[in-house]
>>> print(open('data-v6.cif').read())   # mmCIF, C-alpha atoms
data_protein
#
loop_
_atom_site.label_atom_id
_atom_site.label_comp_id
_atom_site.auth_asym_id
_atom_site.auth_seq_id
_atom_site.Cartn_x
_atom_site.Cartn_y
_atom_site.Cartn_z
CA MET A 1 0.00 0.00 0.00
CA ASN A 2 1.28 3.43 -0.94
CA HIS A 3 2.22 5.68 2.02
CA ALA A 4 -0.09 8.44 0.72
CA TRP A 5 -3.17 6.29 1.24
CA ARG A 6 -2.66 5.74 4.96
CA PRO A 7 -3.54 9.35 6.06
CA LEU A 8 -6.51 9.39 3.69
CA ILE A 9 -7.85 6.12 5.13
CA LEU A 10 -7.33 7.48 8.65
CA ILE A 11 -9.27 10.69 7.83
CA VAL A 12 -12.13 8.75 6.24
CA ALA A 13 -12.26 6.36 9.23
CA LEU A 14 -12.37 9.30 11.67
CA LEU A 15 -15.12 10.92 9.62
CA VAL A 16 -17.17 7.72 9.68
CA VAL A 17 -16.70 7.40 13.46
CA LEU A 18 -17.65 11.05 13.98
CA LEU A 19 -20.82 10.75 11.87
CA THR A 20 -21.78 7.50 13.61
CA VAL A 21 -21.38 9.07 17.07
CA ARG A 22 -23.36 12.13 15.92
CA TRP A 23 -26.13 9.86 14.62
CA PHE A 24 -26.59 8.34 18.09
CA LEU A 25 -26.13 11.51 20.18
CA VAL A 26 -28.12 14.13 18.25
CA PRO A 27 -31.91 13.65 18.44
CA SER A 28 -33.68 13.03 15.14
CA ASP A 29 -35.97 16.05 15.67
CA PHE A 30 -33.06 18.49 16.07
CA MET A 31 -33.34 20.73 13.02
CA ALA A 32 -33.51 24.27 11.69
CA LYS A 33 -37.24 24.90 11.70
CA ASN A 34 -38.64 27.35 9.13
CA GLY A 35 -35.48 27.15 7.05
CA ASP A 36 -33.46 29.77 8.95
CA TYR A 37 -30.19 27.92 9.36
CA LYS A 38 -28.61 30.67 11.44
CA TYR A 39 -30.93 30.96 14.47
CA GLN A 40 -33.62 28.28 14.28
CA TRP A 41 -31.67 25.17 15.36
CA HIS A 42 -33.50 23.43 18.19
CA ARG A 43 -35.26 20.21 19.18
CA VAL A 44 -38.76 20.45 17.73
CA GLY A 45 -40.03 17.97 20.33
CA SER A 46 -39.17 20.36 23.16
CA GLU A 47 -41.23 23.32 21.86
CA LYS A 48 -44.30 22.36 23.90
CA PHE A 49 -42.21 22.03 27.07
CA TRP A 50 -40.69 25.51 26.64
CA ARG A 51 -44.03 27.04 25.73
CA ASP A 52 -45.71 25.56 28.82
CA GLU A 53 -42.80 26.09 31.22
CA PHE A 54 -41.84 29.69 30.35
CA THR A 55 -44.62 32.18 29.74
CA VAL A 56 -43.78 35.06 27.40
CA LYS A 57 -43.95 38.24 29.47
CA HIS A 58 -43.32 40.93 26.88
CA LYS A 59 -46.26 41.56 24.57
CA GLY A 60 -44.44 43.98 22.29
CA ARG A 61 -45.28 47.15 20.47
CA GLU A 62 -48.54 45.83 18.98
CA PHE A 63 -50.05 45.42 22.45
CA CYS A 64 -49.14 48.99 23.44
CA LYS A 65 -50.41 50.35 20.12
CA GLN A 66 -54.01 49.57 21.14
CA CYS A 67 -54.00 52.65 23.40
CA HIS A 68 -50.81 54.56 22.56
CA GLU A 69 -50.86 54.75 18.76
CA ASP A 70 -49.54 58.33 18.80
CA LYS A 71 -46.43 57.33 20.79
CA ILE A 72 -45.82 54.29 18.58
CA GLU A 73 -45.83 56.52 15.47
CA LEU A 74 -43.39 58.97 17.08
CA VAL A 75 -40.99 56.19 18.02
CA ALA A 76 -41.26 54.55 14.57
CA ASP A 77 -39.66 57.62 12.97
CA SER A 78 -36.94 58.04 15.61
CA GLY A 79 -33.64 56.52 16.63
CA HIS A 80 -35.53 54.26 19.04
CA ALA A 81 -37.53 52.59 16.23
CA ARG A 82 -36.06 49.16 16.99
CA VAL A 83 -36.49 49.46 20.77
CA GLN A 84 -39.58 47.74 22.18
CA CYS A 85 -41.74 49.68 24.67
CA GLU A 86 -41.03 47.26 27.54
CA ASN A 87 -37.29 47.98 27.33
CA CYS A 88 -37.97 51.34 28.98
CA HIS A 89 -41.38 50.99 30.58
CA VAL A 90 -41.03 47.79 32.64
CA MET A 91 -40.76 48.86 36.26
CA PHE A 92 -38.07 47.38 38.46
CA ASN A 93 -39.07 49.62 41.37
CA PRO A 94 -42.71 48.89 42.33
CA GLU A 95 -42.97 52.04 44.49
CA LYS A 96 -42.82 54.22 41.38
CA LYS A 97 -46.01 55.23 39.58
CA GLY A 98 -47.38 52.39 37.52
CA HIS A 99 -49.63 52.27 34.48
CA PRO A 100 -53.02 54.01 34.97
CA VAL A 101 -54.84 50.86 33.79
CA ASP A 102 -54.43 47.63 35.78
CA LEU A 103 -52.85 45.61 32.96
CA LYS A 104 -52.43 42.53 35.13
CA ALA A 105 -56.09 42.27 36.05
CA ASP A 106 -57.60 43.52 32.77
CA PHE A 107 -55.26 41.95 30.19
CA GLY A 108 -53.32 39.24 32.04
CA TYR A 109 -50.10 41.20 31.53
CA LEU A 110 -47.34 39.72 33.68
CA LEU A 111 -45.08 42.78 34.14
CA ASP A 112 -45.37 46.03 36.07
CA ILE A 113 -45.52 48.87 33.55
CA GLY A 114 -44.87 52.51 34.32
CA ILE A 115 -42.72 55.51 33.51
CA ASP A 116 -39.14 55.69 34.74
CA ARG A 117 -37.64 59.10 33.99
CA SER A 118 -34.33 58.37 35.69
CA ARG A 119 -30.90 59.01 34.22
CA GLU A 120 -29.97 55.44 35.09
CA LEU A 121 -32.49 54.09 32.57
CA CYS A 122 -30.95 56.07 29.70
CA LYS A 123 -27.41 55.14 30.77
CA ARG A 124 -28.20 51.45 30.23
CA CYS A 125 -27.93 52.01 26.47
CA HIS A 126 -26.24 55.39 26.05
CA SER A 127 -23.21 55.17 28.37
CA LYS A 128 -19.97 55.22 26.43
CA LEU A 129 -18.46 51.76 26.74
CA PRO A 130 -15.54 50.33 24.74
CA TYR A 131 -17.52 47.37 23.38
CA ARG A 132 -20.53 49.38 22.15
CA PRO A 133 -20.78 50.02 18.40
CA LYS A 134 -20.04 53.52 17.13
CA GLU A 135 -22.94 53.41 14.64
CA PHE A 136 -26.16 51.56 13.97
CA THR A 137 -28.37 50.92 10.96
CA SER A 138 -31.68 52.76 11.16
CA LEU A 139 -34.61 51.11 9.40
CA THR A 140 -35.58 54.36 7.70
CA LYS A 141 -32.45 56.53 7.68
CA GLY A 142 -29.59 54.11 7.00
CA VAL A 143 -26.33 54.03 8.97
CA LYS A 144 -26.27 56.62 11.76
CA PRO A 145 -23.87 57.33 14.64
CA PHE A 146 -24.92 55.78 17.93
CA LYS A 147 -25.22 58.61 20.44
CA MET A 148 -23.27 57.71 23.57
CA ILE A 149 -22.34 59.92 26.49
CA ASP A 150 -19.86 59.93 29.31
CA PRO A 151 -22.22 60.27 32.30
CA GLN A 152 -19.46 61.87 34.39
CA GLU A 153 -19.08 64.74 31.90
CA HIS A 154 -22.48 65.10 30.20
CA ASN A 155 -24.73 67.16 32.53
CA PRO A 156 -24.08 65.19 35.74
CA GLY A 157 -26.93 65.39 38.24
CA GLU A 158 -29.54 66.22 35.57
CA GLU A 159 -32.21 63.86 34.29
CA CYS A 160 -32.01 63.14 30.54
CA VAL A 161 -35.74 63.77 30.05
CA ASP A 162 -35.31 67.38 31.20
CA CYS A 163 -33.72 68.17 27.81
CA HIS A 164 -34.50 65.17 25.59
CA ASP A 165 -37.78 63.82 24.18
CA VAL A 166 -37.22 60.08 24.35
CA HIS A 167 -39.98 59.19 21.88
CA ARG A 168 -38.60 61.51 19.18
CA THR A 169 -34.95 61.00 20.25
CA GLY A 170 -34.20 64.68 20.05
CA PHE A 171 -34.26 67.82 22.13
CA LYS A 172 -37.53 69.09 23.59
#
>>> encode(input="data-v6.cif", output="structure tokens")
Amino acid sequence: MNHAWRPLILIVALLVVLLTVRWFLVPSDFMAKNGDYKYQWHRVGSEKFWRDEFTVKHKGREFCKQCHEDKIELVADSGHARVQCENCHVMFNPEKKGHPVDLKADFGYLLDIGIDRSRELCKRCHSKLPYRPKEFTSLTKGVKPFKMIDPQEHNPGEECVDCHDVHRTGFK
């Protein structure tokens, strides 16, 4: 046997072993559902378990649009167009003013909704950090710079909403 064939036989044998082990270890219902091969890989048989075990809490922009259509339209044309309402309006401090309608009782909504006008809320996304991108792609306006601030230098002690309209992402 020629010496060049030995590595080739070894590679083919390893490939056969690898595929055989994969055949036994990976469940047959593990697949990319809906044809999206980048994000949809999962076990189809476990969908019911995840759906029953973990209730979806965020209802998204369409739920809020039922009553706040004017705010949804403002945000759609702003730099916050890709930010869902719950990103800013879910309350982590229950002592703060909540939503005027009891969403839990009336709609089965699982989160506490309200208005947080604190600087800390804005800093979650707009603090200048080395790993944050310098620009983003707007759905309507193309590539735009991502507005970040250094909270130590940019109006310390002031609330962002005193100067900025968060729904229009501009000055008041």
>>> closest_atom_pairs(input="data-v6.cif", of="region 23-138 of chain A", to="region 157-160 of chain A", cutoff="12 Å", atoms="all atoms listed in the file", output="tab-separated table")
residue	atom	partner	partner_atom	distance
A:Asp116	CA	A:Glu159	CA	10.7
A:Arg117	CA	A:Glu159	CA	7.2
A:Ser118	CA	A:Glu159	CA	6.0
A:Arg119	CA	A:Glu159	CA	5.0
A:Glu120	CA	A:Glu159	CA	8.7
A:Leu121	CA	A:Cys160	CA	9.3
A:Cys122	CA	A:Cys160	CA	7.2
A:Lys123	CA	A:Cys160	CA	9.2
A:His126	CA	A:Cys160	CA	10.7
>>> axis_aligned_box(input="data-v6.cif", around="region 69-77 of chain A", padding_each_side="6 Å", output="JSON")
{"center_x": -45.3, "center_y": 56.6, "center_z": 16.9, "size_x": 23.2, "size_y": 16.7, "size_z": 19.8}
>>> closest_residue(input="data-v6.cif", among="A:Asp77, A:Glu153, A:Asp112, A:Asp106", to="Val166 (chain A)", atoms="all atoms listed in the file")
A:Asp77
>>> residues_around(input="data-v6.cif", residues="Ile113 (chain A)", least_positions_apart="6", cutoff="9 Å", atoms="only C-alpha atoms", output="PDB file with C-alpha atoms, keeping the file's coordinate frame")
ATOM      1  CA  GLU A  86     -41.030  47.260  27.540  1.00  0.00           C
ATOM      2  CA  HIS A  89     -41.380  50.990  30.580  1.00  0.00           C
ATOM      3  CA  VAL A  90     -41.030  47.790  32.640  1.00  0.00           C
ATOM      4  CA  MET A  91     -40.760  48.860  36.260  1.00  0.00           C
ATOM      5  CA  LYS A  97     -46.010  55.230  39.580  1.00  0.00           C
ATOM      6  CA  GLY A  98     -47.380  52.390  37.520  1.00  0.00           C
ATOM      7  CA  HIS A  99     -49.630  52.270  34.480  1.00  0.00           C
ATOM      8  CA  LEU A 103     -52.850  45.610  32.960  1.00  0.00           C
TER       9      LEU A 103
END
>>> resolve_selection(input="data-v6.cif", expression="the PyMOL selection byres ((chain A and resi 129) around 12)", output="ChimeraX atom specification")
/A:123-128,130-134,146-151
>>> atom_distance(input="data-v6.cif", atom1="CA of Ala32 (chain A)", atom2="CA of Gln84 (chain A)")
26.4 Å
>>> closest_residue(input="data-v6.cif", among="A:Ala81, A:Asp29, A:Asn87, A:Cys163", to="Phe136 (chain A)", atoms="all atoms listed in the file")
A:Ala81
>>> atom_distance(input="data-v6.cif", atom1="CA of Val12 (chain A)", atom2="CA of Phe30 (chain A)")
25.1 Å
>>> decode(input="data-v6.cif", residues="region 46-80 of chain A", atoms="N, CA and C atoms", output="compact mmCIF listing (two decimals), in the first residue's frame")
# COMPACT_ATOMS: atom_id res chain seq x y z
N SER A 46 -39.17 19.65 21.88
CA SER A 46 -39.17 20.36 23.16
C SER A 46 -39.92 21.69 23.12
N GLU A 47 -40.51 22.05 21.98
CA GLU A 47 -41.23 23.32 21.86
C GLU A 47 -42.38 23.40 22.85
N LYS A 48 -43.15 22.34 22.99
CA LYS A 48 -44.30 22.36 23.90
C LYS A 48 -43.82 22.54 25.34
N PHE A 49 -42.75 21.87 25.72
CA PHE A 49 -42.21 22.03 27.07
C PHE A 49 -41.85 23.48 27.35
N TRP A 50 -41.12 24.12 26.44
CA TRP A 50 -40.69 25.51 26.64
C TRP A 50 -41.88 26.46 26.64
N ARG A 51 -42.85 26.19 25.79
CA ARG A 51 -44.03 27.04 25.73
C ARG A 51 -44.83 26.95 27.02
N ASP A 52 -44.95 25.75 27.58
CA ASP A 52 -45.71 25.56 28.82
C ASP A 52 -44.94 26.01 30.06
N GLU A 53 -43.63 25.82 30.05
CA GLU A 53 -42.80 26.09 31.22
C GLU A 53 -42.48 27.58 31.39
N PHE A 54 -42.27 28.29 30.28
CA PHE A 54 -41.84 29.69 30.35
C PHE A 54 -42.83 30.57 29.59
N THR A 55 -43.63 31.30 30.33
CA THR A 55 -44.62 32.18 29.74
C THR A 55 -43.93 33.43 29.19
N VAL A 56 -44.32 33.84 28.00
CA VAL A 56 -43.78 35.06 27.40
C VAL A 56 -44.37 36.25 28.15
N LYS A 57 -43.50 37.12 28.67
CA LYS A 57 -43.95 38.24 29.47
C LYS A 57 -44.12 39.50 28.63
N HIS A 58 -43.24 39.72 27.70
CA HIS A 58 -43.32 40.93 26.88
C HIS A 58 -44.35 40.73 25.77
N LYS A 59 -45.24 41.67 25.62
CA LYS A 59 -46.26 41.56 24.57
C LYS A 59 -45.89 42.37 23.34
N GLY A 60 -44.93 43.27 23.46
CA GLY A 60 -44.44 43.98 22.29
C GLY A 60 -45.22 45.22 21.94
N ARG A 61 -44.75 45.87 20.91
CA ARG A 61 -45.28 47.15 20.47
C ARG A 61 -46.74 47.06 20.04
N GLU A 62 -47.15 45.96 19.45
CA GLU A 62 -48.54 45.83 18.98
C GLU A 62 -49.53 45.89 20.14
N PHE A 63 -49.17 45.35 21.28
CA PHE A 63 -50.05 45.42 22.45
C PHE A 63 -50.20 46.87 22.91
N CYS A 64 -49.11 47.60 22.98
CA CYS A 64 -49.14 48.99 23.44
C CYS A 64 -49.87 49.90 22.45
N LYS A 65 -49.81 49.54 21.17
CA LYS A 65 -50.41 50.35 20.12
C LYS A 65 -51.93 50.46 20.26
N GLN A 66 -52.56 49.52 20.95
CA GLN A 66 -54.01 49.57 21.14
C GLN A 66 -54.45 50.88 21.78
N CYS A 67 -53.64 51.42 22.69
CA CYS A 67 -54.00 52.65 23.40
C CYS A 67 -53.06 53.81 23.09
N HIS A 68 -51.84 53.51 22.71
CA HIS A 68 -50.81 54.56 22.56
C HIS A 68 -50.33 54.66 21.11
N GLU A 69 -51.24 54.71 20.18
CA GLU A 69 -50.86 54.75 18.76
C GLU A 69 -50.01 55.97 18.43
N ASP A 70 -50.30 57.10 19.06
CA ASP A 70 -49.54 58.33 18.80
C ASP A 70 -48.07 58.17 19.19
N LYS A 71 -47.80 57.54 20.33
CA LYS A 71 -46.43 57.33 20.79
C LYS A 71 -45.70 56.33 19.89
N ILE A 72 -46.42 55.31 19.45
CA ILE A 72 -45.82 54.29 18.58
C ILE A 72 -45.38 54.94 17.26
N GLU A 73 -46.19 55.84 16.71
CA GLU A 73 -45.83 56.52 15.47
C GLU A 73 -44.62 57.43 15.65
N LEU A 74 -44.55 58.12 16.79
CA LEU A 74 -43.39 58.97 17.08
C LEU A 74 -42.11 58.14 17.14
N VAL A 75 -42.18 57.03 17.84
CA VAL A 75 -40.99 56.19 18.02
C VAL A 75 -40.59 55.54 16.70
N ALA A 76 -41.56 55.21 15.85
CA ALA A 76 -41.26 54.55 14.57
C ALA A 76 -40.39 55.41 13.67
N ASP A 77 -40.46 56.72 13.80
CA ASP A 77 -39.66 57.62 12.97
C ASP A 77 -38.43 58.16 13.70
N SER A 78 -38.04 57.52 14.80
CA SER A 78 -36.94 58.04 15.61
C SER A 78 -35.79 57.04 15.68
N GLY A 79 -34.77 57.41 16.42
CA GLY A 79 -33.64 56.52 16.63
C GLY A 79 -33.97 55.33 17.52
N HIS A 80 -35.10 55.38 18.19
CA HIS A 80 -35.53 54.26 19.04
C HIS A 80 -36.51 53.34 18.32
